[in-house]
$ cat start-v8.csv   # CSV, C-alpha atoms and all ligand atoms
chain,number,residue,atom,x,y,z
B,1,MET,CA,20.9,46.0,182.0
B,2,SER,CA,23.6,43.7,183.1
B,3,HIS,CA,24.5,43.2,186.7
B,4,ALA,CA,26.6,40.1,186.2
B,5,GLY,CA,29.0,41.1,189.0
B,6,LEU,CA,26.1,41.4,191.4
B,7,SER,CA,25.8,37.6,191.7
B,8,LEU,CA,29.5,37.2,192.5
B,9,LEU,CA,29.4,40.0,195.0
B,10,ARG,CA,26.4,38.5,196.8
B,11,HIS,CA,28.1,35.2,196.9
B,12,LEU,CA,31.1,37.0,198.5
B,13,THR,CA,28.8,38.3,201.3
B,14,ASP,CA,28.1,34.7,202.2
B,15,LYS,CA,31.7,33.4,201.8
B,16,THR,CA,33.1,36.1,204.0
B,17,GLY,CA,30.5,35.5,206.6
B,18,LEU,CA,29.2,39.1,206.3
B,19,ALA,CA,25.6,38.2,205.6
B,20,GLY,CA,25.5,35.6,208.4
B,21,GLY,CA,27.2,38.0,210.8
B,22,LEU,CA,24.8,40.7,210.0
B,23,SER,CA,21.9,38.3,210.5
B,24,ARG,CA,23.0,37.4,214.0
B,25,ALA,CA,23.6,41.1,214.8
B,26,LEU,CA,20.1,42.0,213.7
B,27,ALA,CA,18.3,38.8,214.9
B,28,SER,CA,14.8,39.4,216.0
B,29,PRO,CA,12.4,37.3,218.0
B,30,ARG,CA,9.7,38.2,215.6
B,31,LEU,CA,9.0,36.0,212.6
B,32,LEU,CA,10.2,37.9,209.6
B,33,VAL,CA,9.8,37.1,205.9
B,34,HIS,CA,13.2,38.7,205.1
B,35,ASP,CA,16.2,38.1,207.3
B,36,ARG,CA,17.5,41.6,208.2
B,37,GLY,CA,21.1,40.7,207.8
B,38,ARG,CA,20.5,39.4,204.3
B,39,VAL,CA,18.6,42.5,203.4
B,40,LEU,CA,21.4,44.7,204.7
B,41,ALA,CA,24.1,42.7,202.8
B,42,ASP,CA,21.9,42.9,199.7
B,43,LEU,CA,21.7,46.7,200.2
B,44,ALA,CA,25.5,46.8,200.3
B,45,CYS,CA,25.6,44.8,197.1
B,46,ALA,CA,23.2,47.2,195.4
B,47,ILE,CA,25.3,50.2,196.5
B,48,ALA,CA,28.5,48.5,195.1
B,49,ASP,CA,26.5,48.0,191.9
B,50,GLY,CA,25.9,51.7,191.6
B,51,ALA,CA,22.7,52.3,193.6
B,52,ARG,CA,22.4,55.9,194.6
B,53,VAL,CA,19.1,55.9,196.5
B,54,ILE,CA,17.2,53.2,198.3
B,55,SER,CA,14.7,52.8,195.5
B,56,ASP,CA,17.6,51.5,193.4
B,57,PHE,CA,17.5,48.5,195.6
B,58,ARG,CA,15.0,47.0,193.1
B,59,VAL,CA,18.0,45.9,191.0
B,60,MET,CA,18.3,43.1,193.5
B,61,GLY,CA,14.7,42.1,193.1
B,62,ASP,CA,15.2,42.1,189.3
B,63,GLN,CA,17.6,39.2,189.8
B,64,ARG,CA,15.0,37.0,191.5
B,65,GLU,CA,15.8,34.1,189.0
B,66,LEU,CA,19.3,34.1,190.3
B,67,PHE,CA,18.9,35.0,193.9
B,68,GLY,CA,15.5,33.6,194.8
B,69,LEU,CA,13.5,35.6,197.2
B,70,VAL,CA,14.9,39.1,197.5
B,71,ALA,CA,13.4,41.8,199.7
B,72,SER,CA,11.4,44.7,198.2
B,73,VAL,CA,12.3,48.4,198.5
B,74,PRO,CA,9.8,48.9,201.4
B,75,ALA,CA,11.5,46.0,203.2
B,76,ALA,CA,14.8,47.7,202.8
B,77,TRP,CA,13.4,50.8,204.3
B,78,ARG,CA,11.9,48.8,207.2
B,79,THR,CA,15.3,47.2,207.9
B,80,LEU,CA,17.1,50.6,207.9
B,81,LYS,CA,14.4,52.1,210.3
B,82,GLU,CA,14.8,49.1,212.6
B,83,ILE,CA,18.5,49.6,212.7
B,84,ALA,CA,18.1,53.3,213.4
B,85,ARG,CA,15.8,52.5,216.3
B,86,GLY,CA,18.4,50.2,217.7
B,87,GLY,CA,20.7,53.2,218.3
B,88,ALA,CA,24.2,52.8,219.5
B,89,ARG,CA,23.7,49.1,220.5
B,90,ALA,CA,22.7,48.1,217.0
B,91,ASP,CA,25.5,50.2,215.6
B,92,LYS,CA,28.0,48.4,217.8
B,93,ARG,CA,26.7,44.9,216.9
B,94,LEU,CA,26.8,45.8,213.1
B,95,THR,CA,30.3,47.2,213.3
B,96,ALA,CA,31.5,44.1,215.1
B,97,ALA,CA,29.9,41.9,212.4
B,98,VAL,CA,31.6,43.8,209.6
B,99,ALA,CA,34.9,43.7,211.4
B,100,THR,CA,34.7,39.9,211.8
B,101,ALA,CA,33.9,39.6,208.1
B,102,ARG,CA,36.9,41.9,207.3
B,103,ARG,CA,39.2,39.8,209.5
B,104,HIS,CA,38.1,36.7,207.5
B,105,ALA,CA,38.5,38.3,204.1
B,106,TRP,CA,41.9,39.9,204.9
B,107,ALA,CA,43.3,36.6,206.3
B,108,GLN,CA,42.3,34.9,203.1
B,109,ALA,CA,43.8,37.6,200.9
B,110,ALA,CA,47.0,37.5,203.0
B,111,ALA,CA,47.2,33.7,202.9
B,112,ARG,CA,46.8,33.7,199.2
B,113,HIS,CA,49.2,36.5,198.3
B,114,GLY,CA,51.6,36.2,201.3
B,115,ALA,CA,50.6,39.7,202.5
B,116,LEU,CA,48.1,42.4,202.2
B,117,PRO,CA,48.6,44.5,199.1
B,118,GLY,CA,51.2,47.3,199.7
B,119,VAL,CA,50.5,51.0,199.6
B,120,ARG,CA,51.1,52.6,196.3
B,121,ILE,CA,53.2,55.8,196.6
B,122,ALA,CA,53.7,57.4,193.2
B,123,ASP,CA,55.6,54.7,191.2
B,124,ARG,CA,56.6,52.7,194.4
B,125,ILE,CA,54.9,50.2,196.6
B,126,LEU,CA,55.3,50.4,200.4
B,127,ASP,CA,54.9,46.9,201.7
B,128,GLY,CA,54.1,45.8,205.3
B,129,VAL,CA,52.3,49.0,206.2
B,130,THR,CA,48.5,49.4,206.6
B,131,CYS,CA,47.5,52.8,205.4
B,132,ILE,CA,44.4,54.7,206.7
B,133,ARG,CA,43.4,57.8,205.0
B,134,LEU,CA,41.0,60.2,206.7
B,135,ASP,CA,39.0,62.5,204.4
B,136,ALA,CA,36.2,64.9,204.9
B,137,THR,CA,33.8,65.0,201.9
B,138,VAL,CA,30.9,67.2,201.1
B,139,THR,CA,27.7,65.3,199.9
B,140,PHE,CA,24.7,67.0,198.5
B,141,ALA,CA,21.1,66.6,199.7
B,142,HIS,CA,18.1,68.1,197.9
B,143,SER,CA,15.8,68.5,200.9
B,144,GLY,CA,16.1,69.2,204.6
B,145,LYS,CA,17.3,65.6,205.4
B,146,GLU,CA,18.5,65.0,209.0
B,147,LEU,CA,21.7,66.9,209.6
B,148,ALA,CA,21.8,68.4,206.1
B,149,GLU,CA,22.8,72.0,206.2
B,150,ALA,CA,24.3,74.7,204.1
B,151,ASN,CA,28.0,74.4,203.7
B,152,PHE,CA,30.8,75.9,201.7
B,153,LYS,CA,29.9,74.0,198.6
B,154,GLY,CA,26.1,74.0,198.7
B,155,PHE,CA,23.6,72.1,200.9
B,156,GLY,CA,24.0,68.6,202.3
B,157,HIS,CA,26.2,66.7,204.7
B,158,HIS,CA,29.9,66.9,205.6
B,159,PRO,CA,30.8,63.3,206.5
B,160,LEU,CA,34.3,62.2,207.6
B,161,LEU,CA,35.5,58.9,206.1
B,162,ALA,CA,38.4,56.6,207.0
B,163,VAL,CA,39.4,54.2,204.2
B,164,CYS,CA,42.1,51.6,203.9
B,165,ASP,CA,44.5,52.4,201.0
B,166,ASN,CA,45.9,48.8,200.8
B,167,THR,CA,42.5,47.3,199.9
B,168,GLY,CA,41.5,49.9,197.3
B,169,GLY,CA,39.8,52.5,199.5
B,170,GLU,CA,37.8,50.1,201.7
B,171,PRO,CA,35.8,52.1,204.2
B,172,LEU,CA,36.9,51.3,207.7
B,173,ALA,CA,34.9,53.9,209.7
B,174,TRP,CA,32.8,57.0,209.0
B,175,MET,CA,31.0,59.8,210.7
B,176,LEU,CA,27.9,61.4,209.3
B,177,ARG,CA,28.2,65.0,210.2
B,178,ARG,CA,26.2,68.2,209.8
B,179,GLY,CA,26.7,70.1,206.6
B,180,SER,CA,28.2,72.9,208.5
B,181,ALA,CA,30.7,70.7,210.4
B,182,GLY,CA,34.3,72.0,210.1
B,183,SER,CA,37.1,70.4,208.0
B,184,ASN,CA,39.6,70.8,210.8
B,185,THR,CA,37.7,69.4,213.9
B,186,ALA,CA,40.3,67.6,215.9
B,187,ALA,CA,37.8,65.6,218.0
B,188,ASP,CA,36.1,64.1,215.0
B,189,HIS,CA,39.4,63.2,213.4
B,190,ILE,CA,40.7,61.6,216.6
B,191,ALA,CA,37.5,59.6,217.1
B,192,LEU,CA,37.5,58.4,213.5
B,193,ALA,CA,41.2,57.5,213.5
B,194,ASP,CA,40.6,55.4,216.6
B,195,ALA,CA,37.6,53.7,215.1
B,196,ALA,CA,39.5,52.9,211.9
B,197,ILE,CA,42.3,51.3,213.8
B,198,VAL,CA,39.9,49.2,215.8
B,199,ALA,CA,38.2,48.1,212.5
B,200,LEU,CA,41.5,46.7,211.3
B,201,PRO,CA,42.2,43.0,212.0
B,202,PRO,CA,44.6,43.0,214.9
B,203,GLY,CA,47.5,41.5,212.9
B,204,PHE,CA,47.4,44.6,210.6
B,205,ARG,CA,47.5,47.3,213.3
B,206,ARG,CA,51.2,47.1,214.1
B,207,LYS,CA,52.7,49.2,211.3
B,208,LEU,CA,50.4,52.0,210.4
B,209,MET,CA,50.4,55.1,208.3
B,210,ILE,CA,47.6,57.6,208.8
B,211,THR,CA,47.1,60.6,206.6
B,212,THR,CA,44.6,63.5,206.4
B,213,ASP,CA,44.6,66.7,204.6
B,214,GLY,CA,42.2,68.2,207.1
B,215,ALA,CA,42.8,69.0,210.7
B,216,GLY,CA,45.2,71.7,209.7
B,217,ALA,CA,47.7,72.3,212.5
B,218,SER,CA,45.5,70.6,215.0
B,219,HIS,CA,47.6,70.2,218.1
B,220,ASP,CA,45.2,67.7,219.7
B,221,LEU,CA,45.2,65.4,216.7
B,222,VAL,CA,49.0,65.4,216.3
B,223,LYS,CA,49.4,64.8,220.1
B,224,HIS,CA,47.0,61.9,219.8
B,225,LEU,CA,48.8,60.3,216.8
B,226,ASP,CA,52.1,60.9,218.5
B,227,LYS,CA,50.9,59.1,221.6
B,228,LEU,CA,49.8,56.1,219.4
B,229,ALA,CA,53.1,56.1,217.6
B,230,ALA,CA,54.9,55.9,220.9
B,231,ARG,CA,53.1,52.7,222.0
B,232,ARG,CA,55.3,49.7,222.4
B,233,GLY,CA,55.3,47.2,219.5
B,234,CYS,CA,53.5,49.7,217.3
B,235,GLU,CA,54.8,51.9,214.5
B,236,LEU,CA,52.7,54.7,213.2
B,237,THR,CA,53.7,57.3,210.7
B,238,TYR,CA,51.2,60.2,210.3
B,239,SER,CA,50.9,63.1,208.0
B,240,VAL,CA,48.4,65.8,208.8
B,241,GLY,CA,47.4,69.0,207.0
B,242,TRP,CA,49.2,72.1,208.4
B,243,ALA,CA,47.8,75.6,208.3
B,244,LEU,CA,49.5,78.3,206.4
B,245,GLY,CA,49.9,81.1,209.0
B,246,GLU,CA,52.0,84.1,209.3
B,247,ARG,CA,55.1,82.2,210.6
B,248,GLU,CA,54.8,79.8,207.7
B,249,LYS,CA,54.5,82.6,205.1
B,250,THR,CA,57.6,84.2,206.6
B,251,ALA,CA,59.5,80.9,206.3
B,252,LEU,CA,58.3,80.3,202.8
B,253,ARG,CA,59.7,83.7,201.7
B,254,LEU,CA,63.1,82.6,203.0
B,255,VAL,CA,63.3,79.3,201.1
B,256,PRO,CA,66.1,79.5,198.6
B,257,GLU,CA,64.9,78.6,195.1
B,258,GLN,CA,67.3,75.7,194.8
B,259,ALA,CA,65.7,74.1,198.0
B,260,TRP,CA,62.5,73.4,196.1
B,261,GLN,CA,62.6,69.9,194.6
B,262,ALA,CA,60.3,68.8,191.8
B,263,ALA,CA,57.2,67.1,193.0
B,264,ILE,CA,56.3,63.8,191.3
B,265,GLY,CA,53.0,62.5,189.9
B,266,ALA,CA,51.3,59.1,190.1
B,267,ARG,CA,53.9,57.4,187.9
B,268,GLY,CA,56.9,59.0,189.7
B,269,GLU,CA,57.3,61.4,186.9
B,270,VAL,CA,58.1,65.1,187.3
B,271,ARG,CA,55.0,67.1,186.6
B,272,GLU,CA,55.7,69.5,183.8
B,273,ARG,CA,53.7,71.6,181.4
B,274,ARG,CA,54.7,73.5,178.2
B,275,ALA,CA,55.8,77.1,178.7
B,276,ASP,CA,53.6,79.7,177.1
B,277,ASP,CA,56.5,80.7,174.7
B,278,ALA,CA,57.6,77.1,174.1
B,279,CYS,CA,58.8,76.1,170.6
B,280,GLY,CA,56.6,74.3,168.1
B,281,ASN,CA,57.9,70.8,168.9
B,282,GLY,CA,55.8,69.4,171.7
B,283,GLN,CA,58.3,66.6,172.3
B,284,CYS,CA,61.3,68.8,172.5
B,285,ALA,CA,64.1,68.6,175.1
B,286,HIS,CA,64.7,72.4,175.5
B,287,ARG,CA,64.9,73.3,179.2
B,288,ALA,CA,63.2,76.6,178.6
B,289,CYS,CA,60.2,75.0,177.0
B,290,TRP,CA,59.1,73.0,180.1
B,291,ILE,CA,57.9,74.3,183.4
B,292,GLU,CA,57.8,72.2,186.5
B,293,GLU,CA,54.2,72.4,187.9
B,294,ALA,CA,54.9,71.5,191.5
B,295,HIS,CA,57.7,71.6,194.0
B,296,VAL,CA,58.3,70.3,197.5
B,297,THR,CA,60.5,71.5,200.3
B,298,GLY,CA,61.1,71.0,204.0
B,299,LEU,CA,60.2,73.9,206.2
B,300,THR,CA,61.2,72.5,209.6
B,301,GLY,CA,64.7,74.1,209.7
B,302,LEU,CA,63.3,77.6,208.9
B,303,LEU,CA,60.5,77.1,211.5
B,304,ARG,CA,62.7,75.6,214.2
B,305,GLU,CA,65.9,77.6,213.8
B,306,GLY,CA,64.7,80.8,212.2
B,307,PRO,CA,65.5,84.3,213.4
B,308,ALA,CA,62.5,84.3,215.7
B,309,GLY,CA,63.7,81.1,217.5
B,310,ASP,CA,62.0,77.7,217.6
B,311,GLN,CA,58.5,78.2,216.6
B,312,LEU,CA,57.6,74.6,216.9
B,313,HIS,CA,58.7,74.1,220.5
B,314,ALA,CA,55.2,73.2,221.6
B,315,TRP,CA,55.0,70.3,219.1
B,316,PRO,CA,56.6,66.9,219.2
B,317,ALA,CA,60.4,67.0,218.5
B,318,THR,CA,60.0,64.3,215.8
B,319,MET,CA,57.5,66.4,213.8
B,320,ARG,CA,58.6,67.9,210.6
B,321,VAL,CA,56.7,70.4,208.4
B,322,PHE,CA,56.7,70.3,204.6
B,323,ALA,CA,55.4,72.6,201.9
B,324,ARG,CA,54.3,72.0,198.4
B,325,ARG,CA,53.8,74.7,195.8
B,326,GLU,CA,51.8,74.3,192.7
B,327,ARG,CA,50.8,76.6,189.8
B,328,PRO,CA,47.2,77.5,190.6
B,329,HIS,CA,44.5,76.5,188.1
B,330,PRO,CA,43.4,79.4,185.9
B,331,GLY,CA,40.6,81.2,187.5
B,332,ALA,CA,41.4,79.8,191.0
B,333,GLN,CA,40.8,82.2,193.9
B,334,LEU,CA,44.2,83.2,195.3
B,335,THR,CA,45.3,84.4,198.6
B,336,LEU,CA,47.5,87.5,198.8
B,337,LEU,CA,50.6,85.4,199.1
B,338,GLU,CA,49.7,83.2,196.2
B,339,ALA,CA,48.8,86.2,194.0
B,340,GLU,CA,52.1,87.8,195.0
B,341,ASP,CA,54.4,85.0,193.8
B,342,GLY,CA,52.2,82.9,191.5
B,343,TRP,CA,52.3,79.7,193.6
B,344,ARG,CA,49.6,78.0,195.6
B,345,TYR,CA,50.9,76.4,198.8
B,346,THR,CA,49.8,73.5,200.8
B,347,LEU,CA,51.5,72.4,204.0
B,348,TRP,CA,51.6,69.2,206.1
B,349,ALA,CA,53.3,67.8,209.1
B,350,THR,CA,54.7,64.3,209.5
B,351,ASN,CA,56.6,62.3,212.0
B,352,ARG,CA,58.4,60.4,209.3
B,353,ALA,CA,61.9,60.2,210.6
B,354,ALA,CA,64.5,62.7,209.1
B,355,ASP,CA,67.0,59.8,208.8
B,356,THR,CA,64.6,57.6,206.7
B,357,LYS,CA,66.7,55.7,204.2
B,358,GLY,CA,66.0,55.2,200.5
B,359,TRP,CA,63.2,56.6,198.4
B,360,LEU,CA,60.8,57.1,201.3
B,361,GLY,CA,63.3,59.6,202.8
B,362,GLN,CA,63.0,61.9,199.7
B,363,ALA,CA,60.8,65.0,200.0
B,364,ALA,CA,59.1,64.1,196.7
B,365,TYR,CA,58.0,60.7,198.0
B,366,ILE,CA,57.1,62.0,201.5
B,367,ASP,CA,54.8,64.4,199.6
B,368,ALA,CA,53.4,61.6,197.4
B,369,ALA,CA,52.8,59.5,200.5
B,370,HIS,CA,50.7,62.2,202.1
B,371,ARG,CA,48.6,63.0,199.1
B,372,VAL,CA,48.0,60.0,196.9
B,373,HIS,CA,44.4,61.1,196.5
B,374,ALA,CA,45.2,64.4,195.0
B,375,GLN,CA,47.4,62.8,192.4
B,376,ASP,CA,46.6,62.8,188.7
B,377,SER,CA,46.4,59.3,187.5
P,1,ZN,ZN,61.4,73.5,172.7

$ encode --input "start-v8.csv" --output "C-alpha cells"
Amino acid sequence: MSHAGLSLLRHLTDKTGLAGGLSRALASPRLLVHDRGRVLADLACAIADGARVISDFRVMGDQRELFGLVASVPAAWRTLKEIARGGARADKRLTAAVATARRHAWAQAAARHGALPGVRIADRILDGVTCIRLDATVTFAHSGKELAEANFKGFGHHPLLAVCDNTGGEPLAWMLRRGSAGSNTAADHIALADAAIVALPPGFRRKLMITTDGAGASHDLVKHLDKLAARRGCELTYSVGWALGEREKTALRLVPEQAWQAAIGARGEVRERRADDACGNGQCAHRACWIEEAHVTGLTGLLREGPAGDQLHAWPATMRVFARRERPHPGAQLTLLEAEDGWRYTLWATNRAADTKGWLGQAAYIDAAHRVHAQDS
C-alpha cells in the first residue's frame, strides 16, 4: 500500500507549527517516550490518509523507515484518554494550538497567492469573503458508544460541524452531539458559529458569509447573526434554512408561474432533464423535450405584503425569504403540498441586500450561494 502523501502531510504538521503547538499544549512533567503533540499530529495525518478507526493508526508505524520512531496504537489511545481527562482546559489549549497553526498556514497561503482562495458559487468565484458552512451530519456507531443514540437515520451521533469553504472544507469547529440531537437547535448553531469565527485568523473575520440548512426559521439564530452583521467594521451575510409552515404554503400557492426562475447547477448551467415524451434525439433543441428540474423565487413580498399583512414583522427588516422547488426523486416521501403539485420545496432566509448588484443579486446565485453542498458536481 502506498501512503506517499503521508510523508508530505507529516512534514506540513511541522512546517505549520501544528505539531510543536500541540506538544506545548499537551506538555507533561512526566517523562514520556512519545511526545503527545507528535502523536496527536500523527493521528490527524492518519485520518487524512483515510484512517477510520484508531487501530488504523498503525499505517503511521508502518512508515518507520521514513518517520523514525512512531507511536503504537496503544500509545494513540493513551494520548486520547489523557486529553479526555484534561477536560475543558485541555480542549481550550488544543483549540488555541490549532488556531495558531491555521493563522500561520493561511498567512503563507495569502502571501503566496495574494489572498485566500475565493468561495465558489456555481460557475463564479466570490473573492474577499470568508465562508463558514454549518452542517449537522449523522454518523453511525455500532455499539453503545458515549452519546450514541437512535436517530432518524439509524444509530449513532449527530455532530454539528463548521467548515471553511475557501480552504476546501477545512473544519473550523465542531460539536459532538447525542444521536437524538435536533437538526434545528438554535443554541448549538449559535455556539458553533461563534467558535468558527474565533477559529478564523483575525484578518479573515471582517467579511463573512455563514450558511446553514438547519436551524429552520430559528429566531434566535437569525437574531444572533443579525447582531454580528451589525457590528462596526464587520460584514456578515447569512443564509439559514427556513421552515415550510402554513403561511409559506399559502404564499407558495400565490407565486405566479413566471416568477419562478431556473435554478443553476455547479457549472452555472440550468438543470434540465429529458421529458418523458421527448423525441429520439437526446441533443435536440426542442423546448418541449426539456424540463427544468429546479426553480427559485423570492417569497418576501408575498410574506410581507400579503393579504394577511406583514407576516415577518417580528424578523429583521433586512431579512428576505427565498424558495426553491425541485422535482422529487422517484420514490421520495412527499408532503401533502408536494404530492399536490409535484414539486419539493426548500426555503431559506438571508440578509443579502435586495439591491445587491451583479450576479450575486440574482435569485439563482443567491440560491447557489446558500447550498453549494447540495449541488451536483
Ligand atoms: Zn426533441

$ residues_near_ligand --input "start-v8.csv" --ligand "ligand ZN 1 (chain P)" --cutoff "8 Å" --atoms "all atoms listed in the file" --output "VMD selection string"
chain B and resid 278 to 290

$ write_last_selection --input "start-v8.csv" --atoms "C-alpha atoms" --output "mmCIF file, in the coordinates of the input"
data_model
loop_
_atom_site.group_PDB
_atom_site.id
_atom_site.type_symbol
_atom_site.label_atom_id
_atom_site.label_comp_id
_atom_site.auth_asym_id
_atom_site.auth_seq_id
_atom_site.Cartn_x
_atom_site.Cartn_y
_atom_site.Cartn_z
ATOM 1 C CA ALA B 278 57.600 77.100 174.100
ATOM 2 C CA CYS B 279 58.800 76.100 170.600
ATOM 3 C CA GLY B 280 56.600 74.300 168.100
ATOM 4 C CA ASN B 281 57.900 70.800 168.900
ATOM 5 C CA GLY B 282 55.800 69.400 171.700
ATOM 6 C CA GLN B 283 58.300 66.600 172.300
ATOM 7 C CA CYS B 284 61.300 68.800 172.500
ATOM 8 C CA ALA B 285 64.100 68.600 175.100
ATOM 9 C CA HIS B 286 64.700 72.400 175.500
ATOM 10 C CA ARG B 287 64.900 73.300 179.200
ATOM 11 C CA ALA B 288 63.200 76.600 178.600
ATOM 12 C CA CYS B 289 60.200 75.000 177.000
ATOM 13 C CA TRP B 290 59.100 73.000 180.100
#

$ closest_residue --input "start-v8.csv" --among "B:Met209, B:Ala363, B:Leu161, B:Leu312" --to "B:Ala259" --atoms "all atoms listed in the file"
B:Ala363

$ residues_around --input "start-v8.csv" --residues "B:Leu347" --least-positions-apart "6" --cutoff "6 Å" --atoms "only C-alpha atoms" --output "list of chain:residue names"
B:Trp242, B:Phe322, B:Ala323

$ closest_residue --input "start-v8.csv" --among "B:Ala229, B:Leu244, B:Leu236, B:Val59" --to "B:Cys131" --atoms "only C-alpha atoms"
B:Leu236

$ closest_residue --input "start-v8.csv" --among "B:Ala27, B:Arg327, B:Val129, B:Ile366" --to "B:Arg271" --atoms "all atoms listed in the file"
B:Arg327

$ closest_residue --input "start-v8.csv" --among "B:Gly114, B:Gly68, B:Gly331, B:Pro316" --to "B:Ala230" --atoms "only C-alpha atoms"
B:Pro316

$ atom_distance --input "start-v8.csv" --atom1 "atom CA of B:Ala96" --atom2 "atom CA of B:Arg24"
10.9 Å

$ atom_distance --input "start-v8.csv" --atom1 "atom CA of B:Pro159" --atom2 "atom CA of B:Arg93"
21.5 Å

$ atom_distance --input "start-v8.csv" --atom1 "atom CA of B:Val98" --atom2 "atom CA of B:Asp220"
29.3 Å

$ residues_around --input "start-v8.csv" --residues "stretch 83-90 of chain B" --least-positions-apart "2" --cutoff "12 Å" --atoms "all atoms listed in the file" --output "ChimeraX atom specification"
/B:22-28,36-37,39-40,76-81,92-97

$ write_last_selection --input "start-v8.csv" --atoms "C-alpha atoms" --output "short mmCIF file (atom, residue, chain, number, x, y, z; two decimals), in the coordinates of the input"
data_model
loop_
_atom_site.label_atom_id
_atom_site.label_comp_id
_atom_site.auth_asym_id
_atom_site.auth_seq_id
_atom_site.Cartn_x
_atom_site.Cartn_y
_atom_site.Cartn_z
CA LEU B 22 24.80 40.70 210.00
CA SER B 23 21.90 38.30 210.50
CA ARG B 24 23.00 37.40 214.00
CA ALA B 25 23.60 41.10 214.80
CA LEU B 26 20.10 42.00 213.70
CA ALA B 27 18.30 38.80 214.90
CA SER B 28 14.80 39.40 216.00
CA ARG B 36 17.50 41.60 208.20
CA GLY B 37 21.10 40.70 207.80
CA VAL B 39 18.60 42.50 203.40
CA LEU B 40 21.40 44.70 204.70
CA ALA B 76 14.80 47.70 202.80
CA TRP B 77 13.40 50.80 204.30
CA ARG B 78 11.90 48.80 207.20
CA THR B 79 15.30 47.20 207.90
CA LEU B 80 17.10 50.60 207.90
CA LYS B 81 14.40 52.10 210.30
CA LYS B 92 28.00 48.40 217.80
CA ARG B 93 26.70 44.90 216.90
CA LEU B 94 26.80 45.80 213.10
CA THR B 95 30.30 47.20 213.30
CA ALA B 96 31.50 44.10 215.10
CA ALA B 97 29.90 41.90 212.40
#

$ closest_residue --input "start-v8.csv" --among "B:His295, B:His313, B:Arg352, B:Lys223" --to "B:Ala262" --atoms "only C-alpha atoms"
B:His295

$ residues_near_point --input "start-v8.csv" --point "(60.9, 66.2, 195.6)" --cutoff "12 Å" --atoms "all atoms listed in the file" --output "number ranges by chain"
B: 122, 258-265, 268-271, 292-298, 322-325, 359-369

$ residues_around --input "start-v8.csv" --residues "B:Asp194" --least-positions-apart "5" --cutoff "10 Å" --atoms "all atoms listed in the file" --output "PyMOL selection string"
chain B and resi 162+173+188-189+199+224-225+228

$ closest_atom_pairs --input "start-v8.csv" --of "stretch 16-56 of chain B" --to "stretch 104-107 of chain B" --cutoff "10 Å" --atoms "only C-alpha atoms" --output "Markdown table"
| residue | atom | partner | partner_atom | distance |
| --- | --- | --- | --- | --- |
| B:Thr16 | CA | B:Ala105 | CA | 5.8 |
| B:Gly17 | CA | B:His104 | CA | 7.7 |
| B:Leu18 | CA | B:His104 | CA | 9.3 |

$ closest_residue --input "start-v8.csv" --among "B:Arg344, B:His113, B:Lys227, B:Arg102" --to "B:Pro202" --atoms "all atoms listed in the file"
B:Arg102

$ residues_around --input "start-v8.csv" --residues "B:Pro117" --least-positions-apart "6" --cutoff "12 Å" --atoms "all atoms listed in the file" --output "list in words"
Trp106, Ala107, Ala109, Ala110, Ala111, Ile125, Leu126, Asp127, Gly128, Val129, Thr130, Cys131, Cys164, Asp165, Asn166, Thr167, Gly168, Gly169 and Phe204 of chain B

$ write_last_selection --input "start-v8.csv" --atoms "C-alpha atoms" --output "compact mmCIF listing (two decimals), keeping the file's coordinate frame"
# COMPACT_ATOMS: atom_id res chain seq x y z
CA TRP B 106 41.90 39.90 204.90
CA ALA B 107 43.30 36.60 206.30
CA ALA B 109 43.80 37.60 200.90
CA ALA B 110 47.00 37.50 203.00
CA ALA B 111 47.20 33.70 202.90
CA ILE B 125 54.90 50.20 196.60
CA LEU B 126 55.30 50.40 200.40
CA ASP B 127 54.90 46.90 201.70
CA GLY B 128 54.10 45.80 205.30
CA VAL B 129 52.30 49.00 206.20
CA THR B 130 48.50 49.40 206.60
CA CYS B 131 47.50 52.80 205.40
CA CYS B 164 42.10 51.60 203.90
CA ASP B 165 44.50 52.40 201.00
CA ASN B 166 45.90 48.80 200.80
CA THR B 167 42.50 47.30 199.90
CA GLY B 168 41.50 49.90 197.30
CA GLY B 169 39.80 52.50 199.50
CA PHE B 204 47.40 44.60 210.60
